[in-house]
Amino acid sequence: MKLKYILPAAVLVSASVLTSCIKDLEVDNINPQEVSDFNEDYIFNKIYGNLVLTGQTGPNGDSDLDDIDEGTSNMTRLIWNLNTLTTDEGHCWWNDPGMPELNRNTWTNSNVMIKALYYRLMFGVTICNFYLENANTDDAATKQKRAEARFMRALHYFYLMDLYANPPFLTKLSSEKAPQIQRADLFLYLESELKDIIGEGGGSEVLADAKTVNYGRADKAAGMLLLARMYLNAEVYTGTARWEDAKKYADMTIGTSYKLCTEGKNGFSAYQLLFMGDNDTNGAQDEIILPALHDGELTQTWGGSLFMIAAPVSENMKKEHLYGNPNDAAYDGIPEADLPLAVRVTGYGTSEAWDIGLRARQQFSKIFFGKNASNASVGENVPYKNTASVGDDRAIFYTSGQKLSIQKESDKNQGLIYMKFNNIHSDGTSGHHAGGQFVDTDYPMLRLAEAYLISAECDARLNGGDCTEAGVERIKALRKRANVKTGNKYDGIGADALNKVTLENIFQEWSREFGFEGMRRMVLVRWNRFAGQDEYKWEWMGGSQAGTKIDARFNIFPIPDSELNANPNIKPNYN
């Protein structure tokens, strides 16, 4: 696998969004043989575009990376695969190259998906370095954009640190082979870099204050939250816990002008608004600190949010109602035109249905349905009935025709379907793509709820395993937003009645709040419930249906064999 385009050919892609209007990530092809001048806007937008776009001409046909299906090379799709399919949350029955090994925790350094994310992240670092070497105008706007480029480089390096531990490290373009950096040293670099660009280092390149730049661009809240996430996992990365620092920056993020999305709209719950086709305008934008921008016409990809929506769905499921059904007895006598939009909506907002590729493992489902859940107790329901039955708006499961447990990996009807993402617009407008395939749903890379959970977890860790009143209030805020009812199936405690929160409660709350958002592996590693332990298991862990211990080396992903062969400075991160 190799980078197909070496900068400065990165100016092949342009997008006018982030300096003008929202979501205008248009692709403008330029012959690399005719490009000689650095175009600041082109490269600046390609930095952000790397989160979603995979090549030069749209969803497929001229990929940034060789040797992998272009749709699979989407950054958010790969992050999701590596952080979800390897855990107690998700499973995929497809036999795409590299997929079965992720499902079974049996990968090697030749795994195509592990390689693809490694090179996608390094590609993003290279684009940032190219921009920073060439955007040298000494004006306020350029300084702010340079701070954003430094943030995006830090975000890419964060994933490299978290996933691969000891990656190559360069902050400038160079024809020399990149040196390797150790994980703890990369942590220190990122800590210093992020503090500087949020204004704590005395430098002149500083991110904008929260919510003072266009939606989609990084601001100080993004820098604070990434710092909080790093500090939360500092013991994994450096050997030294930093709970006080994690709580500090989480609380700082909460203190900005971002706020939880708490008001539903047209029958859709507040939580669901975060993952819908108009989440840039429906109120969710007040919580989403850094989105990977999507537009069905202008940012077409087979990864990203389309993957999250289409991969779990079958053609039969598209005919079902996501939230309500106008034929229910509760709506008798009410003209359909007078019913809430959510009751009238059928389907998931895209013509794509990829035959139930993604399913939930029973360990994830039981976090909502209760530890004693069975096929009989789960029942045969569509999502709006399950959220009501469970007593939690986050329990967006499709259970009809599905078994709770995955006894046979190739049986797509085993494992419940988690339908968190959709492309429906809460105001009743149509999606932007005329053909109905590609989606507008922005993928939340950073959202404020994470700061609430970080603050609560650190509060408990600093106070003997139980939250203080302040920590309880953080969890209570998330559960109130999720409309958690008294008598819910997992702990029976309504949001307002919550008065005690333990670390174990928080462990499960991470999955309820951020399930299927590509974060679970990070949580499991931090809690020592991933590789190298034999107390916590999930189905198909280590290749066994009942789950079996996996070696501690699987807490990180291997640096690809192609990188080791190409660069003698890079040593294997495990044997």
# chains A, B, ... in the order shown; residues from 1 in each chain; ligands from 1

$ residues_around --residues "A:Glu315" --least-positions-apart "4" --cutoff "10 Å" --atoms "only C-alpha atoms" --output "list in words"
Ala310, Lys319, Glu320, Gly347, Ser351, Glu352, Ala353, Trp354, Asp355 and Ile356 of chain A

$ select_by_dssp --residues "stretch 87-301 of chain A" --states "helix (DSSP H, G or I)" --output "ChimeraX atom specification"
/A:99-104,112-134,140-164,183-197,220-232,234-238,243-254,270-273,284-286

$ residues_around --residues "stretch 303-307 of chain A" --least-positions-apart "4" --cutoff "8 Å" --atoms "only C-alpha atoms" --output "VMD selection string"
chain A and resid 52 71 to 77 294 311 421 438 to 439 441 to 443

$ select_by_dssp --residues "stretch 357-457 of chain A" --states "strand (DSSP E)" --output "list in words"
Leu358, Arg359, Ala360, Phe397, Tyr398, Ile417, Tyr418, Tyr443, Pro444, Met445, Leu446 and Arg447 of chain A

$ residues_around --residues "stretch 553-561 of chain A" --least-positions-apart "4" --cutoff "7 Å" --atoms "only C-alpha atoms" --output "list in words"
Thr108, Asn109, Ser110, Lys115, Leu163, Tyr164, Ala165, Val525, Phe530, Ala531, Asn565, Pro572, Asn573 and Tyr574 of chain A

$ residues_around --residues "stretch 487-503 of chain A" --least-positions-apart "5" --cutoff "8 Å" --atoms "only C-alpha atoms" --output "PyMOL selection string"
chain A and resi 366-371+389-392+457+460-461+465-467+469+471-472+475-477+479-480

$ write_last_selection --atoms "N, CA and C atoms" --output "PDB file, in the first residue's frame"
ATOM      1  N   LYS A 366     -26.979  -6.106  25.980  1.00  0.00           N
ATOM      2  CA  LYS A 366     -27.399  -6.305  27.371  1.00  0.00           C
ATOM      3  C   LYS A 366     -27.122  -5.092  28.250  1.00  0.00           C
ATOM      4  N   ILE A 367     -26.253  -4.198  27.822  1.00  0.00           N
ATOM      5  CA  ILE A 367     -26.057  -2.960  28.572  1.00  0.00           C
ATOM      6  C   ILE A 367     -27.346  -2.144  28.591  1.00  0.00           C
ATOM      7  N   PHE A 368     -28.194  -2.340  27.577  1.00  0.00           N
ATOM      8  CA  PHE A 368     -29.498  -1.687  27.517  1.00  0.00           C
ATOM      9  C   PHE A 368     -30.626  -2.589  28.004  1.00  0.00           C
ATOM     10  N   PHE A 369     -30.637  -3.850  27.548  1.00  0.00           N
ATOM     11  CA  PHE A 369     -31.764  -4.738  27.827  1.00  0.00           C
ATOM     12  C   PHE A 369     -31.628  -5.487  29.149  1.00  0.00           C
ATOM     13  N   GLY A 370     -30.510  -5.356  29.820  1.00  0.00           N
ATOM     14  CA  GLY A 370     -30.302  -6.017  31.100  1.00  0.00           C
ATOM     15  C   GLY A 370     -29.473  -7.260  30.978  1.00  0.00           C
ATOM     16  N   LYS A 371     -28.731  -7.578  32.043  1.00  0.00           N
ATOM     17  CA  LYS A 371     -27.779  -8.692  31.971  1.00  0.00           C
ATOM     18  C   LYS A 371     -28.466 -10.040  31.810  1.00  0.00           C
ATOM     19  N   SER A 389     -39.603   0.579  25.336  1.00  0.00           N
ATOM     20  CA  SER A 389     -39.568  -0.618  26.182  1.00  0.00           C
ATOM     21  C   SER A 389     -38.383  -0.599  27.138  1.00  0.00           C
ATOM     22  N   VAL A 390     -37.214  -0.205  26.625  1.00  0.00           N
ATOM     23  CA  VAL A 390     -36.015  -0.160  27.462  1.00  0.00           C
ATOM     24  C   VAL A 390     -36.099   0.985  28.462  1.00  0.00           C
ATOM     25  N   GLY A 391     -36.693   2.092  28.047  1.00  0.00           N
ATOM     26  CA  GLY A 391     -36.734   3.268  28.909  1.00  0.00           C
ATOM     27  C   GLY A 391     -35.518   4.146  28.754  1.00  0.00           C
ATOM     28  N   ASP A 392     -34.976   4.210  27.536  1.00  0.00           N
ATOM     29  CA  ASP A 392     -33.772   4.991  27.269  1.00  0.00           C
ATOM     30  C   ASP A 392     -33.762   5.325  25.782  1.00  0.00           C
ATOM     31  N   GLU A 457     -15.873  10.316  35.224  1.00  0.00           N
ATOM     32  CA  GLU A 457     -14.963   9.208  35.481  1.00  0.00           C
ATOM     33  C   GLU A 457     -13.790   9.651  36.340  1.00  0.00           C
ATOM     34  N   ALA A 460     -14.805  10.084  39.950  1.00  0.00           N
ATOM     35  CA  ALA A 460     -14.887   8.820  40.685  1.00  0.00           C
ATOM     36  C   ALA A 460     -13.506   8.268  40.992  1.00  0.00           C
ATOM     37  N   ARG A 461     -12.604   8.342  40.043  1.00  0.00           N
ATOM     38  CA  ARG A 461     -11.259   7.795  40.259  1.00  0.00           C
ATOM     39  C   ARG A 461     -10.508   8.580  41.330  1.00  0.00           C
ATOM     40  N   GLY A 465     -13.568   5.653  43.837  1.00  0.00           N
ATOM     41  CA  GLY A 465     -14.410   4.813  42.998  1.00  0.00           C
ATOM     42  C   GLY A 465     -15.864   5.236  42.923  1.00  0.00           C
ATOM     43  N   ASP A 466     -16.270   6.208  43.727  1.00  0.00           N
ATOM     44  CA  ASP A 466     -17.633   6.728  43.683  1.00  0.00           C
ATOM     45  C   ASP A 466     -17.611   8.211  43.352  1.00  0.00           C
ATOM     46  N   CYS A 467     -18.560   8.637  42.535  1.00  0.00           N
ATOM     47  CA  CYS A 467     -18.634  10.053  42.183  1.00  0.00           C
ATOM     48  C   CYS A 467     -19.079  10.891  43.373  1.00  0.00           C
ATOM     49  N   GLU A 469     -21.068  14.499  44.428  1.00  0.00           N
ATOM     50  CA  GLU A 469     -22.311  15.055  43.902  1.00  0.00           C
ATOM     51  C   GLU A 469     -22.102  15.680  42.531  1.00  0.00           C
ATOM     52  N   GLY A 471     -19.933  14.809  40.206  1.00  0.00           N
ATOM     53  CA  GLY A 471     -19.831  13.760  39.196  1.00  0.00           C
ATOM     54  C   GLY A 471     -21.178  13.127  38.889  1.00  0.00           C
ATOM     55  N   VAL A 472     -21.990  12.936  39.921  1.00  0.00           N
ATOM     56  CA  VAL A 472     -23.333  12.396  39.713  1.00  0.00           C
ATOM     57  C   VAL A 472     -24.129  13.309  38.791  1.00  0.00           C
ATOM     58  N   ILE A 475     -23.385  12.688  35.069  1.00  0.00           N
ATOM     59  CA  ILE A 475     -24.059  11.513  34.511  1.00  0.00           C
ATOM     60  C   ILE A 475     -25.561  11.756  34.441  1.00  0.00           C
ATOM     61  N   LYS A 476     -26.094  12.411  35.459  1.00  0.00           N
ATOM     62  CA  LYS A 476     -27.530  12.688  35.469  1.00  0.00           C
ATOM     63  C   LYS A 476     -27.920  13.539  34.265  1.00  0.00           C
ATOM     64  N   ALA A 477     -27.074  14.479  33.885  1.00  0.00           N
ATOM     65  CA  ALA A 477     -27.386  15.341  32.735  1.00  0.00           C
ATOM     66  C   ALA A 477     -27.509  14.520  31.457  1.00  0.00           C
ATOM     67  N   ARG A 479     -28.222  11.244  31.256  1.00  0.00           N
ATOM     68  CA  ARG A 479     -29.377  10.349  31.358  1.00  0.00           C
ATOM     69  C   ARG A 479     -30.698  11.117  31.227  1.00  0.00           C
ATOM     70  N   LYS A 480     -30.736  12.339  31.717  1.00  0.00           N
ATOM     71  CA  LYS A 480     -31.943  13.155  31.535  1.00  0.00           C
ATOM     72  C   LYS A 480     -32.139  13.472  30.064  1.00  0.00           C
TER      73      LYS A 480
END

$ decode --residues "stretch 382-396 of chain A" --atoms "N, CA and C atoms" --output "short mmCIF file (atom, residue, chain, number, x, y, z; two decimals), in the first residue's frame"
data_model
loop_
_atom_site.label_atom_id
_atom_site.label_comp_id
_atom_site.auth_asym_id
_atom_site.auth_seq_id
_atom_site.Cartn_x
_atom_site.Cartn_y
_atom_site.Cartn_z
N VAL A 382 -39.32 -2.71 16.37
CA VAL A 382 -38.57 -1.72 15.62
C VAL A 382 -38.05 -0.68 16.61
N PRO A 383 -37.14 0.21 16.18
CA PRO A 383 -36.46 1.08 17.15
C PRO A 383 -37.36 1.90 18.06
N TYR A 384 -38.43 2.49 17.55
CA TYR A 384 -39.20 3.37 18.44
C TYR A 384 -39.87 2.59 19.56
N LYS A 385 -40.20 1.31 19.32
CA LYS A 385 -40.77 0.50 20.38
C LYS A 385 -39.71 0.06 21.37
N ASN A 386 -38.50 -0.16 20.91
CA ASN A 386 -37.43 -0.57 21.81
C ASN A 386 -36.97 0.55 22.72
N THR A 387 -36.88 1.77 22.22
CA THR A 387 -36.50 2.88 23.10
C THR A 387 -37.53 3.03 24.21
N ALA A 388 -38.82 2.86 23.88
CA ALA A 388 -39.87 2.95 24.88
C ALA A 388 -39.81 1.78 25.86
N SER A 389 -39.60 0.58 25.34
CA SER A 389 -39.57 -0.62 26.18
C SER A 389 -38.38 -0.60 27.14
N VAL A 390 -37.21 -0.20 26.62
CA VAL A 390 -36.01 -0.16 27.46
C VAL A 390 -36.10 0.98 28.46
N GLY A 391 -36.69 2.09 28.05
CA GLY A 391 -36.73 3.27 28.91
C GLY A 391 -35.52 4.15 28.75
N ASP A 392 -34.98 4.21 27.54
CA ASP A 392 -33.77 4.99 27.27
C ASP A 392 -33.76 5.33 25.78
N ASP A 393 -33.70 6.63 25.44
CA ASP A 393 -33.74 7.04 24.04
C ASP A 393 -32.53 6.58 23.25
N ARG A 394 -31.51 6.10 23.93
CA ARG A 394 -30.29 5.64 23.25
C ARG A 394 -30.39 4.18 22.80
N ALA A 395 -31.45 3.48 23.19
CA ALA A 395 -31.61 2.06 22.85
C ALA A 395 -32.25 1.91 21.48
N ILE A 396 -31.58 2.41 20.45
CA ILE A 396 -32.16 2.48 19.11
C ILE A 396 -31.89 1.17 18.37
#
